[in-house]
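Shown next: start_23.txt, given as compact mmCIF, C-alpha atoms.
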```
# COMPACT_ATOMS: atom_id res chain seq x y z
CA MET A 1 -104.51 -233.58 -95.05
CA LYS A 2 -102.58 -232.97 -98.26
CA LYS A 3 -101.63 -229.45 -97.08
CA ILE A 4 -100.39 -230.81 -93.75
CA ILE A 5 -98.17 -233.39 -95.49
CA ILE A 6 -96.73 -230.74 -97.84
CA THR A 7 -96.05 -228.47 -94.88
CA LEU A 8 -94.26 -231.25 -92.98
CA ILE A 9 -92.13 -232.12 -96.02
CA PHE A 10 -91.19 -228.47 -96.53
CA ALA A 11 -90.27 -228.14 -92.85
CA LEU A 12 -88.14 -231.29 -93.05
CA ILE A 13 -86.32 -230.04 -96.15
CA SER A 14 -85.71 -226.64 -94.53
CA HIS A 15 -84.40 -228.24 -91.34
CA THR A 16 -82.07 -230.53 -93.29
CA ALA A 17 -80.70 -227.67 -95.38
CA CYS A 18 -80.08 -225.60 -92.26
CA ALA A 19 -78.39 -228.50 -90.49
CA GLN A 20 -76.03 -228.91 -93.42
CA ASN A 21 -75.08 -225.24 -93.01
CA ASN A 22 -74.56 -225.64 -89.23
CA THR A 23 -77.62 -223.45 -88.67
CA ILE A 24 -80.60 -224.26 -86.48
CA LEU A 25 -83.62 -222.09 -87.22
CA LYS A 26 -85.54 -220.80 -84.23
CA PRO A 27 -89.10 -219.44 -84.34
CA VAL A 28 -89.69 -215.83 -85.33
CA ILE A 29 -91.47 -213.80 -82.65
CA ASN A 30 -93.11 -210.63 -83.88
CA GLY A 31 -91.53 -207.50 -82.45
CA GLN A 32 -88.44 -209.29 -81.14
CA LYS A 33 -85.41 -207.25 -82.18
CA ALA A 34 -82.45 -209.21 -83.54
CA VAL A 35 -78.77 -208.45 -82.96
CA LEU A 36 -75.65 -209.94 -84.54
CA VAL A 37 -72.70 -210.44 -82.16
CA THR A 38 -69.36 -211.46 -83.66
CA GLY A 39 -66.75 -213.40 -81.67
CA ALA A 40 -69.45 -214.75 -79.35
CA SER A 41 -67.77 -218.02 -78.38
CA SER A 42 -66.20 -216.78 -75.13
CA GLY A 43 -65.27 -213.82 -72.97
CA ILE A 44 -66.88 -210.47 -73.63
CA GLY A 45 -68.67 -211.66 -76.79
CA ARG A 46 -70.27 -214.61 -75.01
CA ASN A 47 -71.32 -212.39 -72.12
CA ILE A 48 -72.90 -209.88 -74.51
CA ALA A 49 -74.77 -212.60 -76.40
CA GLU A 50 -76.13 -214.18 -73.22
CA THR A 51 -77.08 -210.82 -71.72
CA LEU A 52 -79.05 -209.79 -74.80
CA ALA A 53 -80.74 -213.20 -74.98
CA LYS A 54 -81.77 -213.05 -71.31
CA LYS A 55 -83.30 -209.63 -71.90
CA GLY A 56 -85.51 -211.11 -74.61
CA TYR A 57 -83.64 -210.03 -77.73
CA PHE A 58 -82.80 -212.53 -80.46
CA VAL A 59 -79.08 -213.01 -80.99
CA TYR A 60 -77.23 -214.24 -84.06
CA ALA A 61 -74.01 -215.36 -82.38
CA GLY A 62 -70.96 -215.62 -84.60
CA ALA A 63 -68.31 -218.27 -83.85
CA ARG A 64 -65.76 -220.33 -85.77
CA LYS A 65 -65.59 -223.73 -84.07
CA GLN A 66 -68.36 -226.33 -84.19
CA LYS A 67 -68.27 -227.00 -80.44
CA ASP A 68 -68.86 -223.30 -79.80
CA LEU A 69 -71.64 -223.16 -82.38
CA ASP A 70 -73.36 -226.11 -80.69
CA ALA A 71 -73.02 -224.58 -77.23
CA LEU A 72 -74.48 -221.27 -78.38
CA ASN A 73 -77.39 -222.97 -80.14
CA ALA A 74 -78.40 -224.58 -76.85
CA ILE A 75 -79.20 -221.16 -75.37
CA ASN A 76 -82.70 -219.75 -75.65
CA ASN A 77 -83.01 -216.77 -78.04
CA ILE A 78 -79.62 -217.51 -79.61
CA GLN A 79 -78.91 -218.89 -83.07
CA SER A 80 -75.26 -219.52 -83.83
CA ILE A 81 -73.75 -218.65 -87.19
CA LYS A 82 -70.42 -219.94 -88.46
CA LEU A 83 -68.61 -216.68 -88.95
CA ASP A 84 -64.96 -215.78 -89.34
CA VAL A 85 -64.76 -212.01 -89.86
CA THR A 86 -61.71 -212.45 -92.11
CA ILE A 87 -63.52 -214.72 -94.60
CA GLN A 88 -65.86 -212.86 -96.94
CA SER A 89 -67.68 -216.00 -98.11
CA GLU A 90 -68.72 -216.78 -94.52
CA ILE A 91 -69.90 -213.20 -94.05
CA ASP A 92 -71.95 -213.39 -97.25
CA THR A 93 -73.52 -216.67 -96.11
CA ALA A 94 -74.35 -215.13 -92.74
CA VAL A 95 -76.17 -212.26 -94.46
CA ILE A 96 -78.26 -214.76 -96.43
CA THR A 97 -79.05 -216.70 -93.25
CA VAL A 98 -80.26 -213.58 -91.46
CA GLU A 99 -82.28 -212.40 -94.44
CA LYS A 100 -84.01 -215.76 -94.88
CA ALA A 101 -84.95 -215.96 -91.19
CA GLY A 102 -87.32 -213.04 -91.71
CA ARG A 103 -86.56 -211.20 -88.47
CA GLY A 104 -84.58 -208.41 -90.02
CA LEU A 105 -81.60 -207.08 -88.08
CA TYR A 106 -81.72 -204.23 -85.60
CA GLY A 107 -78.19 -204.27 -84.24
CA ILE A 108 -74.58 -205.24 -84.89
CA VAL A 109 -72.00 -205.75 -82.15
CA ASN A 110 -68.54 -205.94 -83.71
CA ASN A 111 -66.78 -207.82 -80.92
CA ALA A 112 -64.45 -210.34 -82.61
CA GLY A 113 -60.87 -209.38 -81.87
CA VAL A 114 -57.30 -210.57 -81.30
CA THR A 115 -54.23 -209.15 -79.58
CA VAL A 116 -50.73 -209.00 -81.04
CA PHE A 117 -48.10 -208.01 -78.48
CA GLY A 118 -44.50 -206.94 -79.09
CA PRO A 119 -42.07 -204.13 -79.93
CA LEU A 120 -43.17 -202.24 -83.03
CA ILE A 121 -39.70 -202.40 -84.57
CA GLU A 122 -39.67 -206.19 -84.20
CA VAL A 123 -43.24 -207.38 -84.74
CA THR A 124 -43.54 -209.24 -88.04
CA GLU A 125 -45.56 -207.91 -90.91
CA LYS A 126 -47.54 -211.16 -90.88
CA ASP A 127 -48.58 -210.57 -87.28
CA MET A 128 -49.41 -206.94 -88.00
CA GLN A 129 -51.58 -207.98 -90.93
CA PHE A 130 -53.31 -210.57 -88.75
CA GLN A 131 -54.00 -207.90 -86.11
CA MET A 132 -55.54 -205.50 -88.60
CA ASP A 133 -57.38 -208.16 -90.57
CA VAL A 134 -59.43 -209.16 -87.53
CA ASN A 135 -59.70 -205.97 -85.45
CA LEU A 136 -59.97 -203.36 -88.20
CA PHE A 137 -61.08 -204.99 -91.42
CA GLY A 138 -63.35 -207.41 -89.56
CA PRO A 139 -65.77 -204.71 -88.33
CA TYR A 140 -65.44 -202.95 -91.68
CA ARG A 141 -66.48 -206.10 -93.57
CA ILE A 142 -69.30 -207.00 -91.18
CA THR A 143 -70.78 -203.51 -91.05
CA LYS A 144 -70.60 -203.07 -94.81
CA ALA A 145 -72.26 -206.43 -95.47
CA PHE A 146 -75.12 -205.97 -92.98
CA ALA A 147 -75.61 -202.21 -93.50
CA PRO A 148 -78.69 -202.60 -95.77
CA LEU A 149 -80.50 -204.56 -93.04
CA ILE A 150 -79.52 -202.05 -90.35
CA ILE A 151 -80.60 -199.10 -92.48
CA LYS A 152 -83.93 -200.77 -93.17
CA SER A 153 -84.62 -201.20 -89.44
CA LYS A 154 -83.14 -197.79 -88.47
CA GLY A 155 -81.02 -199.78 -86.05
CA ARG A 156 -77.74 -199.53 -84.18
CA ILE A 157 -74.09 -200.40 -84.78
CA SER A 158 -71.73 -200.89 -81.85
CA THR A 159 -68.08 -201.89 -81.81
CA ILE A 160 -65.99 -203.18 -78.92
CA GLY A 161 -62.91 -201.01 -78.82
CA SER A 162 -60.49 -200.65 -75.89
CA ILE A 163 -59.03 -198.02 -73.60
CA ALA A 164 -55.78 -199.05 -75.31
CA GLY A 165 -57.15 -197.35 -78.41
CA ILE A 166 -57.23 -194.06 -76.52
CA ALA A 167 -53.98 -194.21 -74.52
CA SER A 168 -51.30 -196.72 -75.48
CA GLY A 169 -48.02 -197.99 -74.04
CA SER A 170 -45.04 -200.29 -74.55
CA PHE A 171 -45.54 -203.47 -76.58
CA ILE A 172 -49.28 -203.04 -77.13
CA GLY A 173 -48.70 -200.90 -80.20
CA PRO A 174 -50.23 -203.27 -82.79
CA TYR A 175 -53.36 -203.80 -80.69
CA SER A 176 -53.65 -200.10 -79.85
CA MET A 177 -53.27 -199.16 -83.50
CA SER A 178 -56.18 -201.40 -84.46
CA LYS A 179 -58.41 -200.10 -81.66
CA SER A 180 -57.46 -196.48 -82.26
CA ALA A 181 -58.50 -196.94 -85.88
CA MET A 182 -61.92 -198.11 -84.67
CA GLU A 183 -62.32 -194.85 -82.73
CA THR A 184 -62.08 -192.78 -85.89
CA TYR A 185 -64.04 -195.38 -87.85
CA THR A 186 -66.88 -194.98 -85.34
CA ASP A 187 -66.82 -191.18 -85.50
CA SER A 188 -66.91 -191.10 -89.29
CA LEU A 189 -69.50 -193.87 -89.60
CA ALA A 190 -71.76 -192.15 -87.04
CA VAL A 191 -71.88 -188.98 -89.12
CA GLU A 192 -72.55 -190.89 -92.33
CA MET A 193 -75.27 -193.13 -90.86
CA LYS A 194 -77.12 -190.23 -89.25
CA LYS A 195 -78.76 -189.72 -92.63
CA PHE A 196 -80.54 -193.06 -92.14
CA ASP A 197 -81.39 -192.58 -88.43
CA VAL A 198 -78.84 -195.25 -87.51
CA GLN A 199 -76.92 -194.67 -84.27
CA VAL A 200 -73.26 -195.74 -84.03
CA SER A 201 -71.20 -196.25 -80.88
CA ILE A 202 -68.00 -197.75 -79.53
CA VAL A 203 -67.50 -199.39 -76.13
CA GLU A 204 -63.97 -199.10 -74.70
CA PRO A 205 -63.35 -201.74 -72.00
CA GLY A 206 -60.39 -201.96 -69.68
CA ASN A 207 -59.30 -205.24 -68.08
CA PHE A 208 -62.01 -207.87 -67.71
CA ASN A 209 -62.07 -211.64 -67.46
CA SER A 210 -61.58 -213.06 -70.98
CA LYS A 211 -59.26 -215.27 -73.01
CA VAL A 212 -57.63 -212.45 -74.95
CA ILE A 213 -54.33 -212.55 -73.01
CA GLU A 214 -54.17 -216.34 -73.04
CA ASN A 215 -54.40 -216.33 -76.83
CA MET A 216 -51.93 -213.45 -77.07
CA LYS A 217 -49.30 -215.30 -75.02
CA LYS A 218 -49.64 -218.41 -77.14
CA ARG A 219 -48.73 -216.28 -80.14
CA ILE A 220 -45.80 -214.70 -78.26
CA ALA A 221 -44.43 -218.14 -77.32
CA LYS A 222 -44.68 -219.22 -80.92
CA ASN A 223 -42.75 -216.16 -82.08
CA LYS A 224 -39.96 -216.37 -79.48
CA SER A 225 -38.12 -219.05 -81.41
CA ASN A 226 -38.15 -216.76 -84.45
CA ASN A 227 -36.85 -213.73 -82.59
CA LYS A 228 -34.17 -214.75 -80.07
CA LYS A 229 -32.22 -211.50 -80.56
CA SER A 230 -34.86 -209.06 -79.32
CA LEU A 231 -33.62 -205.67 -78.13
CA PHE A 232 -36.34 -205.72 -75.46
CA THR A 233 -35.68 -209.03 -73.67
CA GLU A 234 -35.48 -207.50 -70.18
CA GLU A 235 -38.53 -205.31 -70.68
CA MET A 236 -40.58 -208.24 -71.96
CA LYS A 237 -39.91 -210.18 -68.74
CA GLY A 238 -42.45 -207.97 -66.98
CA LEU A 239 -45.21 -209.30 -69.22
CA GLU A 240 -46.83 -211.51 -66.56
CA GLN A 241 -47.04 -208.62 -64.11
CA TYR A 242 -48.90 -206.32 -66.44
CA PHE A 243 -50.81 -208.92 -68.46
CA PRO A 244 -51.57 -211.94 -66.22
CA THR A 245 -52.83 -215.03 -68.02
CA ASP A 246 -55.22 -215.77 -65.16
CA ARG A 247 -57.97 -213.29 -65.99
CA SER A 248 -60.17 -214.55 -63.16
CA ILE A 249 -58.59 -211.85 -61.01
CA PHE A 250 -60.61 -209.37 -63.05
CA GLN A 251 -64.36 -208.83 -63.05
CA THR A 252 -66.67 -210.65 -65.44
CA PRO A 253 -67.58 -208.30 -68.30
CA ASP A 254 -71.18 -207.70 -67.19
CA ALA A 255 -70.64 -203.93 -67.20
CA VAL A 256 -69.41 -204.11 -70.81
CA SER A 257 -72.57 -205.95 -71.82
CA GLU A 258 -74.76 -203.40 -70.05
CA ALA A 259 -72.99 -200.61 -71.94
CA VAL A 260 -73.71 -202.45 -75.19
CA VAL A 261 -77.38 -202.81 -74.23
CA HIS A 262 -77.54 -199.06 -73.58
CA ALA A 263 -75.83 -198.29 -76.89
CA LEU A 264 -78.25 -200.54 -78.78
CA PHE A 265 -81.56 -199.68 -77.15
CA SER A 266 -81.38 -196.42 -75.21
CA ASP A 267 -83.29 -193.42 -76.57
CA VAL A 268 -80.17 -191.35 -75.92
CA PRO A 269 -77.16 -193.56 -76.70
CA LYS A 270 -73.64 -192.21 -76.30
CA ARG A 271 -71.01 -192.28 -79.04
CA HIS A 272 -68.25 -193.46 -76.65
CA TYR A 273 -68.56 -195.72 -73.59
CA MET A 274 -65.51 -196.18 -71.37
CA VAL A 275 -66.04 -199.24 -69.14
CA VAL A 276 -63.26 -199.92 -66.63
CA SER A 277 -63.03 -201.87 -63.40
CA SER A 278 -60.66 -199.60 -61.47
CA GLN A 279 -59.87 -195.95 -60.83
CA ARG A 280 -56.33 -196.59 -62.09
CA GLU A 281 -57.60 -197.57 -65.54
CA ALA A 282 -59.93 -194.58 -65.66
CA LYS A 283 -57.10 -192.22 -64.75
CA PHE A 284 -54.74 -193.82 -67.30
CA THR A 285 -57.29 -193.29 -70.07
CA ILE A 286 -58.55 -189.81 -69.20
CA LYS A 287 -55.09 -188.46 -68.36
CA GLY A 288 -53.76 -189.84 -71.65
CA SER A 289 -56.47 -187.96 -73.53
CA ILE A 290 -55.78 -184.77 -71.58
CA ASN A 291 -52.03 -184.99 -72.23
CA THR A 292 -52.69 -185.31 -75.95
CA LEU A 293 -55.06 -182.34 -75.84
CA VAL A 294 -52.49 -180.20 -74.01
CA GLU A 295 -49.76 -181.06 -76.49
CA LEU A 296 -52.03 -180.25 -79.42
CA ASN A 297 -52.76 -176.85 -77.92
CA LYS A 298 -49.17 -175.96 -77.03
CA ASP A 299 -46.94 -173.46 -78.85
CA HIS A 300 -48.75 -172.64 -82.06
CA ALA A 301 -50.35 -169.52 -83.52
CA PHE A 302 -53.87 -170.45 -82.43
CA SER A 303 -53.28 -171.82 -78.92
CA TYR A 304 -56.02 -171.32 -76.36
CA SER A 305 -55.41 -169.95 -72.87
CA LYS A 306 -56.02 -172.03 -69.77
CA ALA A 307 -59.21 -170.08 -69.10
CA GLN A 308 -60.46 -170.70 -72.64
CA MET A 309 -59.63 -174.41 -72.38
CA MET A 310 -61.52 -174.66 -69.08
CA GLN A 311 -64.51 -172.89 -70.60
CA MET A 312 -64.61 -175.34 -73.52
CA LEU A 313 -64.33 -178.26 -71.10
CA GLU A 314 -67.21 -176.96 -69.01
CA GLN A 315 -69.36 -176.43 -72.10
CA ALA A 316 -68.64 -179.97 -73.31
CA MET A 317 -69.45 -181.46 -69.90
CA ASP A 318 -72.70 -179.46 -69.70
CA ALA A 319 -73.69 -180.67 -73.16
CA ALA A 320 -72.97 -184.29 -72.17
CA ARG A 321 -75.34 -184.00 -69.18
CA LYS A 322 -78.31 -183.07 -71.38
```

Show this structure as structure tokens.
Amino acid sequence: MKKIIITLIFALISHTACAQNNTILKPVINGQKAVLVTGASSGIGRNIAETLAKKGYFVYAGARKQKDLDALNAINNIQSIKLDVTIQSEIDTAVITVEKAGRGLYGIVNNAGVTVFGPLIEVTEKDMQFQMDVNLFGPYRITKAFAPLIIKSKGRISTIGSIAGIASGSFIGPYSMSKSAMETYTDSLAVEMKKFDVQVSIVEPGNFNSKVIENMKKRIAKNKSNNKKSLFTEEMKGLEQYFPTDRSIFQTPDAVSEAVVHALFSDVPKRHYMVVSSQREAKFTIKGSINTLVELNKDHAFSYSKAQMMQMLEQAMDAARK
């Protein structure tokens, strides 16, 4: 009887402490792999978190607002964690939370991201810093903090990039810069983590239904009053055509989530996953990569012939099929 009372008191104390930290502990199931998903409150991040949870994995879902934390906690196999990827103290607390839960951590999905839109010669340094702080330094901070747990489990690290990080265009420079950086970050990290049997990947989505453009346009509207003398006023008028606020015209990001599942749990994960919803987006991305390749090969002492280039392409495609 005494042991039962002590156990109940300990459980009550633990529950109270967790409640004060906006954390609700859920039971540990032996063999259930755990994954941390950042930016899980909506859009692609929410879809990834729910997909993993439905498949039986345990998800630590990072979010910033209490209403989102509460909503995530109501889902089976999901435990929300208050987590802003730009605040180191919150990241450190999240690590402690995961460690104390006793599940370990098998996977990280660096999804949290923002979009800054505008001409590169006019975008403010503050906005550029904000862009990089979330999209570039966010994954860097998260991965560095949770690396010991991932190494221990010989797990996986996956980042949500973008096709805009492969082929860019007008006014998406800041966003493309941040996502392009994550391409090289992934390649370098993959080589380094191979030593520990940890696989690293990046998923590059095209247009899907999310709130990223809605949030981007709010920031643009806020900045308009500060930059009424833009040299690109006419060009910026086409914003709605290319970046509609109503993202419901695009597919839900189920395909992105499935790519993440493959990257995390397949025996043969890929390094790069392009996930697009149209042939136009696929062509834009692949053609952009080919154009860069052609320019790199042109007019220098060690240029390859067309036949040699085709042979290398065929060899690479054959290797990818294995």

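Counting from atom CA of A:Phe171, the distance to atom CA of A:Met236 is 8.3 Å.
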
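If you measure from each of A:Leu136, A:Ala319, A:Tyr106, A:Gly165 to A:Lys152 using all atoms listed in the file, the closest one turns out to be A:Tyr106.
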
Minimum-distance residue to A:Lys82, chosen among A:Phe284, A:Thr233, A:Lys54, A:Thr38 (using all atoms listed in the file):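 Checking each of A:Phe284, A:Thr233, A:Lys54, A:Thr38 against A:Lys82, counting all atoms listed in the file, the winner is A:Thr38.
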
Closest of A:Ala320, A:Val28, A:Val268, A:Ala282 to A:Ala101 - atom-to-atom distances counting all atoms listed in the file: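 For A:Ala101, the nearest of the given residues is A:Val28.
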
I'd like the interatomic distance between atom CA of A:Val35 and atom CA of A:Asp197, to a tenth of an Å.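 Computing the Euclidean distance for atom CA of A:Val35 and atom CA of A:Asp197 yields 17.0 Å.
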
Please provide as a list in words all residues within 10 Å of A:Val85, with the sequence filter that same-chain residues fewer than 5 positions apart are discarded (counting all atoms listed in the file).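 Close residues of A:Val85: Thr38, Gly39, Gly62, Ala63, Arg64, Glu90, Ile91, Asn110, Ala112, Gly113, Asp133, Val134, Asn135, Phe137, Gly138, Pro139, Tyr140, Arg141 and Ile142 of chain A.
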
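Note that the spacing between atom CA of A:Ile48 and atom CA of A:Phe196 amounts to 25.5 Å.
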
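Using all atoms listed in the file, the shortest contact distance between A:Lys126 and any of A:Gly169, A:Gly206, A:Gly102, A:Pro174 is found at A:Pro174.
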
If we count all atoms listed in the file, what is near stretch 273-276 of chain A at a cut-off of 7 Å, once residues fewer than 4 positions away on the same chain are taken out, given as number ranges by chain? A: 202-207, 255-256, 259, 281-282

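Of the listed residues A:Asn30, A:Asn76, A:Thr285, A:Ser170, the one whose atoms come nearest to A:Leu52 is A:Asn76, with distances taken using only C-alpha atoms.
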
With distances taken over all atoms listed in the file, the candidate from A:Glu125, A:Asp187, A:Glu99, A:Asp318 nearest A:Gln199 is A:Asp187

Build an axis-aligned box that encloses every atom of stretch 263-274 of chain A listed in the file, pad it by 3 Å on each side, and report its centre and edge lengths in Å to one decimal, as lines of an AutoDock Vina configuration file.
```
center_x = -74.4
center_y = -195.9
center_z = -75.2
size_x = 23.8
size_y = 15.2
size_z = 13.7
```
